[in-house]
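Asker: My structure is in coords27.csv, and what it holds is CSV, C-alpha atoms and all ligand atoms:
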```csv
chain,number,residue,atom,x,y,z
A,1,MET,CA,60.4,-27.4,-13.2
A,2,GLY,CA,63.0,-27.2,-16.0
A,3,PHE,CA,63.9,-24.5,-18.4
A,4,GLY,CA,61.6,-26.1,-21.0
A,5,HIS,CA,58.6,-25.4,-18.8
A,6,ASN,CA,59.5,-21.8,-18.3
A,7,LEU,CA,60.0,-21.3,-22.0
A,8,ARG,CA,56.6,-22.8,-22.8
A,9,ASP,CA,55.0,-20.5,-20.3
A,10,PHE,CA,56.7,-17.6,-21.8
A,11,ARG,CA,55.4,-18.5,-25.2
A,12,ILE,CA,51.9,-18.7,-23.9
A,13,VAL,CA,52.2,-15.3,-22.3
A,14,ARG,CA,53.4,-13.9,-25.7
A,15,ARG,CA,50.6,-15.5,-27.6
A,16,ASN,CA,48.0,-14.0,-25.2
A,17,PHE,CA,49.6,-10.6,-25.2
A,18,LEU,CA,46.9,-9.3,-27.5
A,19,LYS,CA,43.9,-8.9,-25.2
A,20,PRO,CA,41.0,-11.3,-25.9
A,21,GLU,CA,38.8,-8.3,-26.9
A,22,ILE,CA,41.4,-7.1,-29.4
A,23,ARG,CA,41.7,-10.5,-30.9
A,24,ARG,CA,37.9,-10.8,-31.1
A,25,MET,CA,37.7,-7.4,-32.7
A,26,LYS,CA,40.3,-8.1,-35.4
A,27,ARG,CA,38.7,-11.5,-36.2
A,28,LEU,CA,35.3,-9.8,-36.6
A,29,ILE,CA,36.6,-7.0,-38.8
A,30,GLN,CA,38.2,-9.7,-41.0
A,31,ARG,CA,35.0,-11.6,-41.2
A,32,GLY,CA,33.0,-8.5,-41.9
A,33,ALA,CA,35.3,-7.6,-44.8
A,34,VAL,CA,34.2,-10.8,-46.5
A,35,SER,CA,30.6,-9.7,-46.7
A,36,PRO,CA,29.4,-7.3,-49.5
A,37,PHE,CA,27.5,-5.3,-46.9
A,38,TYR,CA,30.5,-4.3,-44.9
A,39,ARG,CA,32.9,-4.2,-47.8
A,40,ARG,CA,30.9,-1.3,-49.1
A,41,LYS,CA,30.9,0.3,-45.7
A,42,PHE,CA,34.6,-0.1,-45.2
A,43,LYS,CA,35.5,1.2,-48.6
A,44,PRO,CA,35.8,4.9,-47.6
A,45,ILE,CA,38.1,4.0,-44.7
A,46,LYS,CA,41.6,4.9,-45.9
A,47,LYS,CA,43.6,2.5,-43.6
A,48,LEU,CA,41.7,-0.3,-41.9
A,49,ARG,CA,44.2,-0.4,-39.1
A,50,VAL,CA,42.3,-0.9,-35.9
A,51,PRO,CA,44.6,-1.5,-32.9
A,52,ASP,CA,42.1,-1.0,-30.1
A,53,LEU,CA,38.5,-0.5,-29.3
A,54,GLU,CA,38.7,3.3,-29.2
A,55,THR,CA,39.9,3.2,-32.8
A,56,PHE,CA,37.2,0.7,-33.6
A,57,SER,CA,34.5,3.1,-32.3
A,58,ARG,CA,36.1,6.0,-34.2
A,59,LYS,CA,36.7,4.2,-37.6
A,60,ILE,CA,34.0,1.6,-38.1
A,61,PRO,CA,30.8,3.3,-39.2
A,62,PRO,CA,27.6,2.3,-37.5
A,63,PHE,CA,24.8,0.7,-39.5
A,64,THR,CA,21.0,1.0,-39.1
A,65,LEU,CA,17.9,-1.1,-39.7
A,66,GLU,CA,17.1,1.3,-42.6
A,67,GLU,CA,20.3,0.4,-44.3
A,68,LEU,CA,19.5,-3.3,-44.0
A,69,VAL,CA,16.1,-2.6,-45.6
A,70,GLU,CA,17.6,-0.6,-48.4
A,71,GLU,CA,20.2,-3.4,-49.0
A,72,LYS,CA,17.5,-6.1,-49.1
A,73,THR,CA,15.4,-4.0,-51.5
A,74,ALA,CA,18.3,-3.3,-53.8
A,75,SER,CA,19.9,-6.8,-53.8
A,76,GLY,CA,17.0,-9.1,-53.0
A,77,ASP,CA,19.3,-10.9,-50.6
A,78,PRO,CA,17.2,-12.0,-47.6
A,79,TYR,CA,20.1,-11.3,-45.2
A,80,SER,CA,20.9,-7.8,-46.7
A,81,LEU,CA,24.3,-9.2,-47.9
A,82,ARG,CA,25.6,-9.6,-44.3
A,83,TRP,CA,26.0,-13.3,-44.6
A,84,CYS,CA,29.7,-14.1,-45.3
A,85,GLU,CA,29.8,-17.8,-45.8
A,86,LYS,CA,29.7,-19.8,-49.1
A,87,LYS,CA,27.4,-22.4,-47.6
A,88,SER,CA,23.8,-21.6,-46.6
A,89,PRO,CA,22.8,-20.9,-43.0
A,90,LEU,CA,21.4,-23.8,-41.0
A,91,LEU,CA,18.4,-21.7,-39.9
A,92,ALA,CA,16.8,-18.4,-40.7
A,93,PHE,CA,14.3,-16.5,-38.7
A,94,GLN,CA,12.1,-13.7,-39.9
A,95,LEU,CA,12.9,-10.7,-37.7
A,96,GLU,CA,10.0,-9.1,-35.9
A,97,TYR,CA,10.8,-5.6,-37.0
A,98,ASP,CA,7.9,-4.0,-38.8
A,99,THR,CA,9.8,-3.3,-42.0
A,100,GLU,CA,8.8,-3.7,-45.7
A,101,PRO,CA,10.4,-5.8,-47.1
A,102,ARG,CA,10.8,-8.2,-44.1
A,103,LEU,CA,14.3,-9.0,-42.9
A,104,TYR,CA,15.7,-12.4,-42.0
A,105,LEU,CA,18.4,-13.5,-39.5
A,106,PRO,CA,20.7,-16.3,-40.7
A,107,LEU,CA,22.2,-18.6,-38.1
A,108,ASP,CA,24.9,-21.2,-38.0
A,109,ARG,CA,26.0,-23.5,-35.2
A,110,LEU,CA,28.4,-21.0,-33.7
A,111,ALA,CA,25.9,-18.2,-33.7
A,112,LEU,CA,23.3,-20.5,-32.1
A,113,LYS,CA,25.8,-21.5,-29.5
A,114,GLY,CA,26.8,-17.9,-28.5
A,115,TYR,CA,23.2,-16.6,-28.6
A,116,ALA,CA,22.0,-19.5,-26.4
A,117,GLU,CA,24.9,-18.7,-24.0
A,118,ALA,CA,23.6,-15.2,-23.7
A,119,LEU,CA,20.1,-16.5,-22.9
A,120,THR,CA,21.6,-19.0,-20.4
A,121,ARG,CA,23.4,-16.2,-18.6
A,122,CYS,CA,20.1,-14.2,-18.5
A,123,TRP,CA,18.3,-17.1,-16.9
A,124,SER,CA,21.1,-17.6,-14.5
A,125,LEU,CA,21.1,-14.0,-13.5
A,126,LEU,CA,17.4,-14.3,-12.8
A,127,GLY,CA,18.3,-17.1,-10.3
A,128,LEU,CA,17.1,-20.0,-12.4
A,129,ALA,CA,18.8,-23.2,-11.5
A,130,ARG,CA,18.5,-27.0,-11.6
A,131,GLY,CA,14.9,-28.3,-11.3
A,132,ASP,CA,13.2,-24.9,-11.9
A,133,ARG,CA,10.2,-24.7,-14.2
A,134,VAL,CA,10.1,-21.8,-16.7
A,135,ALA,CA,7.1,-20.7,-18.6
A,136,ILE,CA,7.4,-18.8,-21.9
A,137,PHE,CA,4.5,-16.9,-23.5
A,138,ASP,CA,6.1,-15.8,-26.8
A,139,TYR,CA,6.4,-16.6,-30.5
A,140,GLY,CA,8.4,-19.5,-31.8
A,141,THR,CA,10.5,-16.9,-33.8
A,142,SER,CA,11.5,-15.1,-30.7
A,143,PRO,CA,15.0,-16.0,-29.4
A,144,VAL,CA,13.4,-16.1,-25.9
A,145,THR,CA,11.6,-19.2,-27.1
A,146,TYR,CA,13.9,-20.8,-29.8
A,147,LEU,CA,17.0,-20.6,-27.6
A,148,ALA,CA,15.3,-22.0,-24.6
A,149,SER,CA,15.6,-25.7,-25.5
A,150,GLY,CA,17.3,-27.9,-28.0
A,151,SER,CA,14.0,-29.7,-28.4
A,152,TYR,CA,12.5,-26.6,-29.9
A,153,THR,CA,15.1,-25.8,-32.4
A,154,PRO,CA,17.2,-28.0,-34.8
A,155,TYR,CA,21.0,-27.7,-34.6
A,156,LEU,CA,20.8,-25.8,-31.3
A,157,GLY,CA,21.9,-28.7,-29.1
A,158,ARG,CA,21.9,-27.2,-25.6
A,159,GLY,CA,19.4,-24.4,-25.0
A,160,ALA,CA,19.2,-22.5,-21.7
A,161,ALA,CA,17.0,-25.1,-20.2
A,162,GLU,CA,19.5,-28.0,-20.9
A,163,ALA,CA,22.4,-25.8,-19.7
A,164,LEU,CA,20.8,-25.1,-16.4
A,165,ALA,CA,18.7,-28.3,-16.1
A,166,CYS,CA,15.4,-26.4,-16.0
A,167,THR,CA,12.1,-27.5,-17.5
A,168,PRO,CA,10.6,-25.1,-20.1
A,169,ILE,CA,6.9,-24.9,-20.9
A,170,CYS,CA,5.9,-22.8,-23.9
A,171,ASN,CA,2.7,-21.1,-24.9
A,172,ASP,CA,2.2,-19.5,-28.3
A,173,GLY,CA,2.8,-15.7,-28.2
A,174,VAL,CA,-0.5,-14.4,-29.5
A,175,SER,CA,-2.6,-12.5,-27.0
A,176,ASN,CA,-5.8,-14.6,-27.4
A,177,MET,CA,-3.8,-17.5,-25.9
A,178,SER,CA,-3.9,-15.7,-22.5
A,179,GLN,CA,-6.4,-18.0,-21.1
A,180,ARG,CA,-4.1,-21.0,-21.7
A,181,ALA,CA,-1.2,-19.0,-20.2
A,182,VAL,CA,-3.2,-18.6,-17.0
A,183,GLU,CA,-4.0,-22.3,-17.0
A,184,ILE,CA,-0.3,-23.1,-17.5
A,185,LEU,CA,0.7,-21.0,-14.5
A,186,LYS,CA,-1.9,-22.6,-12.3
A,187,THR,CA,-0.8,-26.1,-13.3
A,188,ILE,CA,3.0,-25.9,-13.4
A,189,ARG,CA,3.8,-22.9,-11.0
A,190,PRO,CA,6.9,-21.8,-12.8
A,191,ARG,CA,9.7,-19.9,-11.0
A,192,ILE,CA,9.8,-17.4,-13.8
A,193,PHE,CA,7.3,-16.5,-16.4
A,194,PHE,CA,8.6,-14.9,-19.6
A,195,LEU,CA,6.0,-12.8,-21.4
A,196,ARG,CA,6.2,-10.8,-24.6
A,197,SER,CA,5.2,-7.2,-23.9
A,198,ASP,CA,2.1,-7.0,-26.2
A,199,CYS,CA,0.6,-10.0,-24.3
A,200,LEU,CA,1.0,-8.3,-20.9
A,201,GLN,CA,-2.3,-6.4,-20.9
A,202,PRO,CA,-4.4,-9.3,-22.3
A,203,PHE,CA,-2.7,-11.6,-19.7
A,204,ILE,CA,-3.5,-9.2,-16.8
A,205,HIS,CA,-7.1,-9.0,-18.1
A,206,GLN,CA,-7.4,-12.8,-18.2
A,207,ALA,CA,-5.7,-13.2,-14.8
A,208,ASP,CA,-8.2,-10.8,-13.3
A,209,ALA,CA,-11.1,-12.7,-14.9
A,210,ALA,CA,-9.8,-16.0,-13.5
A,211,ALA,CA,-9.1,-14.3,-10.1
A,212,LEU,CA,-5.5,-15.5,-10.3
A,213,ARG,CA,-3.2,-14.1,-7.7
A,214,CYS,CA,0.1,-14.2,-9.6
A,215,SER,CA,2.2,-14.3,-6.4
A,216,ASP,CA,0.6,-17.6,-5.5
A,217,TYR,CA,1.9,-19.2,-8.8
A,218,ILE,CA,5.1,-17.5,-10.0
A,219,GLY,CA,8.2,-16.0,-8.5
A,220,ALA,CA,8.7,-13.2,-11.1
A,221,LEU,CA,7.6,-12.0,-14.5
A,222,VAL,CA,10.1,-11.1,-17.3
A,223,VAL,CA,8.7,-8.9,-20.0
A,224,THR,CA,10.5,-8.8,-23.4
A,225,GLU,CA,10.2,-7.3,-26.8
A,226,SER,CA,12.5,-6.6,-29.7
A,227,GLU,CA,14.1,-3.2,-29.4
A,228,GLY,CA,11.7,-1.9,-26.8
A,229,ALA,CA,11.1,-2.0,-23.1
A,230,LEU,CA,8.6,-1.0,-20.5
A,231,SER,CA,9.3,2.3,-18.9
A,232,ARG,CA,10.2,2.3,-15.2
A,233,MET,CA,6.8,3.8,-14.5
A,234,GLU,CA,4.9,1.1,-16.4
A,235,GLN,CA,7.1,-1.5,-14.7
A,236,SER,CA,6.3,-0.4,-11.2
A,237,THR,CA,2.6,0.1,-12.0
A,238,PHE,CA,2.4,-3.5,-13.2
A,239,GLU,CA,4.5,-4.8,-10.3
A,240,LYS,CA,2.0,-3.3,-7.8
A,241,LYS,CA,-0.9,-4.7,-9.8
A,242,LEU,CA,0.4,-8.2,-10.1
A,243,GLY,CA,2.2,-8.4,-6.7
A,244,VAL,CA,5.3,-10.0,-8.2
A,245,PRO,CA,8.7,-8.5,-9.4
A,246,ILE,CA,8.8,-7.7,-13.1
A,247,TYR,CA,12.2,-7.7,-14.8
A,248,ARG,CA,12.8,-6.2,-18.3
A,249,MET,CA,14.7,-8.3,-20.9
A,250,LEU,CA,16.2,-6.4,-23.8
A,251,ARG,CA,16.3,-8.1,-27.2
A,252,ILE,CA,18.0,-6.5,-30.1
A,253,ASP,CA,17.3,-9.3,-32.6
A,254,VAL,CA,19.2,-8.0,-35.6
A,255,ALA,CA,22.4,-8.0,-33.5
A,256,MET,CA,21.6,-11.3,-31.7
A,257,PHE,CA,21.7,-9.4,-28.5
A,258,LEU,CA,20.1,-10.3,-25.1
A,259,ALA,CA,20.4,-8.7,-21.7
A,260,VAL,CA,18.2,-8.8,-18.7
A,261,GLU,CA,17.6,-6.7,-15.6
A,262,CYS,CA,19.3,-8.0,-12.5
A,263,PRO,CA,17.1,-8.7,-9.5
A,264,HIS,CA,19.9,-7.3,-7.3
A,265,CYS,CA,21.0,-4.0,-8.8
A,266,ARG,CA,18.1,-3.5,-11.2
A,267,LEU,CA,20.4,-2.7,-14.1
A,268,LEU,CA,20.7,-4.8,-17.2
A,269,HIS,CA,23.8,-7.0,-17.2
A,270,THR,CA,25.8,-7.6,-20.4
A,271,TRP,CA,28.9,-9.6,-21.0
A,272,ARG,CA,32.1,-8.3,-22.7
A,273,ASP,CA,33.1,-11.7,-24.1
A,274,LEU,CA,29.8,-11.8,-26.1
A,275,TYR,CA,29.1,-8.2,-26.9
A,276,PHE,CA,30.7,-4.7,-27.1
A,277,VAL,CA,28.1,-2.1,-26.2
A,278,GLU,CA,28.7,1.6,-26.7
A,279,ASN,CA,26.7,4.8,-26.2
A,280,ARG,CA,26.5,7.0,-29.3
A,281,GLN,CA,28.3,10.1,-28.2
A,282,ASP,CA,27.2,12.6,-30.8
A,283,ALA,CA,23.5,11.8,-30.5
A,284,ASP,CA,20.8,13.9,-28.9
A,285,GLU,CA,20.7,12.9,-25.3
A,286,GLU,CA,17.5,12.4,-23.4
A,287,ILE,CA,16.9,12.5,-19.7
A,288,VAL,CA,14.9,9.5,-18.4
A,289,ASP,CA,14.3,8.9,-14.7
A,290,GLY,CA,16.8,11.7,-14.0
A,291,ALA,CA,19.7,10.1,-16.0
A,292,VAL,CA,21.1,10.8,-19.5
A,293,ARG,CA,20.2,8.2,-22.1
A,294,SER,CA,21.6,8.0,-25.7
A,295,PRO,CA,21.2,5.3,-28.4
A,296,LEU,CA,23.1,2.0,-27.8
A,297,LEU,CA,25.4,0.6,-30.4
A,298,ILE,CA,25.9,-3.2,-30.4
A,299,THR,CA,28.8,-5.2,-31.7
A,300,ASN,CA,28.4,-9.0,-31.5
A,301,TRP,CA,31.6,-11.0,-31.0
A,302,PHE,CA,30.3,-14.6,-31.5
A,303,ALA,CA,28.2,-14.4,-34.7
A,304,LEU,CA,31.0,-14.6,-37.3
A,305,SER,CA,29.0,-15.7,-40.3
A,306,CYS,CA,26.6,-12.8,-40.0
A,307,PRO,CA,28.6,-10.1,-38.4
A,308,THR,CA,27.2,-7.2,-36.4
A,309,LEU,CA,29.6,-4.4,-36.3
A,310,ARG,CA,28.2,-1.3,-34.4
A,311,TYR,CA,24.5,-1.7,-35.0
A,312,LEU,CA,22.8,1.5,-34.0
A,313,SER,CA,19.8,0.4,-32.1
A,314,GLN,CA,16.6,2.2,-31.2
A,315,ILE,CA,17.2,1.6,-27.5
A,316,ARG,CA,18.4,4.5,-25.4
A,317,GLY,CA,20.4,3.7,-22.4
A,318,SER,CA,23.5,4.6,-20.4
A,319,LEU,CA,26.4,2.4,-19.6
A,320,LYS,CA,27.3,1.8,-16.0
A,321,ALA,CA,30.5,0.4,-14.5
A,322,PRO,CA,30.7,-3.2,-13.4
A,323,GLY,CA,30.5,-3.9,-9.7
A,324,CYS,CA,27.3,-5.9,-9.0
A,325,PRO,CA,27.9,-8.8,-6.6
A,326,HIS,CA,25.8,-11.0,-8.9
A,327,GLY,CA,28.3,-10.6,-11.8
A,328,PRO,CA,31.2,-8.4,-10.6
A,329,HIS,CA,32.8,-8.1,-14.1
A,330,ASP,CA,29.5,-7.7,-16.1
A,331,GLN,CA,29.0,-4.4,-17.8
A,332,ARG,CA,25.7,-2.8,-16.9
A,333,ILE,CA,23.1,-0.8,-18.7
A,334,ALA,CA,20.4,1.5,-17.4
A,335,ILE,CA,17.4,1.8,-19.7
B,401,ZN,ZN,23.3,-6.7,-10.9
```
Could you spell out this file's structure in structure tokens?
Answerer:
Amino acid sequence: MGFGHNLRDFRIVRRNFLKPEIRRMKRLIQRGAVSPFYRRKFKPIKKLRVPDLETFSRKIPPFTLEELVEEKTASGDPYSLRWCEKKSPLLAFQLEYDTEPRLYLPLDRLALKGYAEALTRCWSLLGLARGDRVAIFDYGTSPVTYLASGSYTPYLGRGAAEALACTPICNDGVSNMSQRAVEILKTIRPRIFFLRSDCLQPFIHQADAAALRCSDYIGALVVTESEGALSRMEQSTFEKKLGVPIYRMLRIDVAMFLAVECPHCRLLHTWRDLYFVENRQDADEEIVDGAVRSPLLITNWFALSCPTLRYLSQIRGSLKAPGCPHGPHDQRIAI
């Protein structure tokens, strides 16, 4: 070990002196400032000097779905002027929000990669691993489906299935396809069955009609919807009825956000290198299951071409400290 080595080490330390989250934050603000949507939002801020996440939360104004709708109506831009690249996106999905006009989500390779990484971590937290079969009963425009496999989506490359060496089987997410969903379960016996929440009741009805005992065919059910979730009470009622664990997966599609309930601690895990999640402090708080819940704000670190800086979601939750053995550093959310 000569002096040269030490000097190089010293330089590396200096370069990393800015914490990764601060670097991510600065990069995202820079990207945001390129898009007309955020340029307008940033305009009233006198000095856009944001040295840390506390300042970020204080200075950067949140945005809502309604603002995106207004922007789309005024400008006619399908992405509400959030897209900040000169070149067109590789893919665009219509968002499932019931808005008029409809909103679209533009994606490039980097966004697809980060978003698929979030789904892969959700699958992994659910215990999915090499050789497992996974059934999905959801629309092709749901990230639960289109991020599952590179064979479903152009430009995706590796989906969650390829990353974990699992086999995905997909059924179209309309409720009158419940009969086929039951047949798929009987035939392939998936470890996990992902189901969109509005197909849950029709599926249960069909499973009853076919005298299907879910516990004979699947290990667990994961129920998903965009910006919505089963209540704890619904969850436990359905768990008793079906005889299998039910986990809730949270989708906030406009922010390219995914999180899933952990089988161990029963809180949703989220990852600080992908997202920054905040509780809105000044909002009316609500008590759910004996705990305070307020709206969640989502910042997405990986989608740099269509930035999400502090999206005010319709999901109420409360942030919990890390500490679950299934992901000791993961931030956790109770919903
Ligand atoms: Zn956990």
Asker: Report the closest atom pair, with its distance in Å rounded to one decimal, for each residue of chain A that has an atom no farther than 12 Å from ligand ZN 401 (chain B); count only C-alpha atoms and all ligand atoms, sort by chain and then rising residue number, and write it as CSV.
Answerer:
```
residue,atom,partner,partner_atom,distance
A:Cys122,CA,B:ZN401,ZN,11.1
A:Ser124,CA,B:ZN401,ZN,11.7
A:Leu125,CA,B:ZN401,ZN,8.1
A:Leu126,CA,B:ZN401,ZN,9.8
A:Gly127,CA,B:ZN401,ZN,11.6
A:Tyr247,CA,B:ZN401,ZN,11.8
A:Ala259,CA,B:ZN401,ZN,11.4
A:Val260,CA,B:ZN401,ZN,9.6
A:Glu261,CA,B:ZN401,ZN,7.4
A:Cys262,CA,B:ZN401,ZN,4.5
A:Pro263,CA,B:ZN401,ZN,6.7
A:His264,CA,B:ZN401,ZN,5.0
A:Cys265,CA,B:ZN401,ZN,4.1
A:Arg266,CA,B:ZN401,ZN,6.1
A:Leu267,CA,B:ZN401,ZN,5.9
A:Leu268,CA,B:ZN401,ZN,7.1
A:His269,CA,B:ZN401,ZN,6.3
A:Thr270,CA,B:ZN401,ZN,9.9
A:Trp271,CA,B:ZN401,ZN,11.9
A:Lys320,CA,B:ZN401,ZN,10.7
A:Ala321,CA,B:ZN401,ZN,10.7
A:Pro322,CA,B:ZN401,ZN,8.6
A:Gly323,CA,B:ZN401,ZN,7.8
A:Cys324,CA,B:ZN401,ZN,4.5
A:Pro325,CA,B:ZN401,ZN,6.6
A:His326,CA,B:ZN401,ZN,5.4
A:Gly327,CA,B:ZN401,ZN,6.4
A:Pro328,CA,B:ZN401,ZN,8.1
A:His329,CA,B:ZN401,ZN,10.1
A:Asp330,CA,B:ZN401,ZN,8.2
A:Gln331,CA,B:ZN401,ZN,9.2
A:Arg332,CA,B:ZN401,ZN,7.5
A:Ile333,CA,B:ZN401,ZN,9.8
A:Ala334,CA,B:ZN401,ZN,10.9
```
Asker: Extract, using all atoms listed in the file, all DNA, RNA and protein residues at most 8 Å from region 216-230 of chain A, discarding same-chain residues fewer than 2 positions from it, and format them as a PyMOL selection string.
Answerer: chain A and resi 96-97+185-186+189-197+200+213-214+232-235+244-253+313-315
Asker: What's around Leu110 (chain A) at 8 Å? Count only C-alpha atoms, leave out sequence neighbours fewer than 5 positions away in its own chain, and write the answer as a ChimeraX atom specification.
Answerer: /A:302-304
Asker: So, with all atoms listed in the file as the atoms that count, which of A:Leu242, A:Leu103, A:Ile287, A:Ala111 lies closest to Leu68 (chain A)?
Answerer: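 For Leu68 (chain A), the nearest of the given residues is A:Leu103.
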Asker: So, counting only C-alpha atoms, which residue among A:Leu164, A:Ser318, A:Leu258, A:Glu183 is closest to Leu119 (chain A)?
Answerer: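 Closest to Leu119 (chain A) of all the choices is A:Leu258.
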Asker: Which is closer to Phe56 (chain A) than all the others in A:Phe276, A:Phe93, A:Tyr152, A:Phe203, using only C-alpha atoms?
Answerer: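 Checking each of A:Phe276, A:Phe93, A:Tyr152, A:Phe203 against Phe56 (chain A), counting only C-alpha atoms, the winner is A:Phe276.
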Asker: Rank A:Tyr139, A:Leu319, A:Ala255, A:Cys166 by their smallest atom-to-atom distance to Cys199 (chain A), using all atoms listed in the file, and report the top residue only.
Answerer: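 So, comparing all the options, the nearest one is A:Tyr139.
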Asker: Can you tell me which residues surround Val277 (chain A) at a distance of at most 7 Å, considering only C-alpha atoms, apart from same-chain residues fewer than 6 positions away, and format the answer as a ChimeraX atom specification?
Answerer: /A:296-299
Asker: Determine, counting only C-alpha atoms, which protein, DNA and RNA residues have an atom within 9 Å of an atom of Glu117 (chain A); residues of the same chain fewer than 5 positions away are not included. Present the result as a PyMOL selection string.
Answerer: chain A and resi 112+122+147+159-160+163+274
Asker: Could you tell me how far CA of Phe37 (chain A) sits from CA of Gln281 (chain A), in Å to one decimal place?
Answerer: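 If I compute the distance from CA of Gln281 (chain A) to CA of Phe37 (chain A), I get 24.2 Å.
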Asker: Restricting the calculation to all atoms listed in the file, which member of A:Arg40, A:Asp208, A:Val134, A:Cys170 is positioned closest to Phe63 (chain A)?
Answerer: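 Among the listed residues, A:Arg40 lies closest to Phe63 (chain A).
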Asker: Just to confirm, what's the straight-line distance from CA of Ser80 (chain A) to CA of Gln30 (chain A) in Å (one decimal)?
Answerer: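 Straight-line distance from CA of Ser80 (chain A) to CA of Gln30 (chain A) works out to 18.3 Å.
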Asker: Could you tell me how far CA of Pro295 (chain A) lies from CA of Ser57 (chain A), in Å and to one decimal?
Answerer: 14.0 Å
Asker: Go through A:Asp52, A:Asp108, A:Asp132, A:Glu239 and flag the residue nearest Pro20 (chain A), using all atoms listed in the file for the distances.
Answerer: A:Asp52
Asker: Keeping C-alpha atoms (and nothing else), can you write region 228-250 of chain A of this structure as an mmCIF file, in the first residue's frame?
Answerer:
```
data_model
loop_
_atom_site.group_PDB
_atom_site.id
_atom_site.type_symbol
_atom_site.label_atom_id
_atom_site.label_comp_id
_atom_site.auth_asym_id
_atom_site.auth_seq_id
_atom_site.Cartn_x
_atom_site.Cartn_y
_atom_site.Cartn_z
ATOM 1 C CA GLY A 228 -56.509 2.097 -2.971
ATOM 2 C CA ALA A 229 -56.276 -0.819 -0.595
ATOM 3 C CA LEU A 230 -58.479 -3.250 1.277
ATOM 4 C CA SER A 231 -59.158 -2.227 4.858
ATOM 5 C CA ARG A 232 -57.667 -4.447 7.560
ATOM 6 C CA MET A 233 -61.147 -5.664 8.330
ATOM 7 C CA GLU A 234 -61.896 -6.667 4.704
ATOM 8 C CA GLN A 235 -58.499 -8.294 4.547
ATOM 9 C CA SER A 236 -59.074 -10.506 7.573
ATOM 10 C CA THR A 237 -62.637 -11.360 6.476
ATOM 11 C CA PHE A 238 -61.374 -12.542 3.078
ATOM 12 C CA GLU A 239 -58.449 -14.387 4.667
ATOM 13 C CA LYS A 240 -60.848 -16.383 6.825
ATOM 14 C CA LYS A 241 -63.123 -17.066 3.884
ATOM 15 C CA LEU A 242 -60.368 -18.237 1.526
ATOM 16 C CA GLY A 243 -58.091 -19.893 4.080
ATOM 17 C CA VAL A 244 -54.909 -18.306 2.694
ATOM 18 C CA PRO A 245 -52.933 -15.219 3.721
ATOM 19 C CA ILE A 246 -53.835 -12.056 1.824
ATOM 20 C CA TYR A 247 -51.231 -9.322 1.381
ATOM 21 C CA ARG A 248 -51.967 -5.826 0.162
ATOM 22 C CA MET A 249 -49.888 -4.294 -2.594
ATOM 23 C CA LEU A 250 -49.921 -0.531 -2.928
#
```
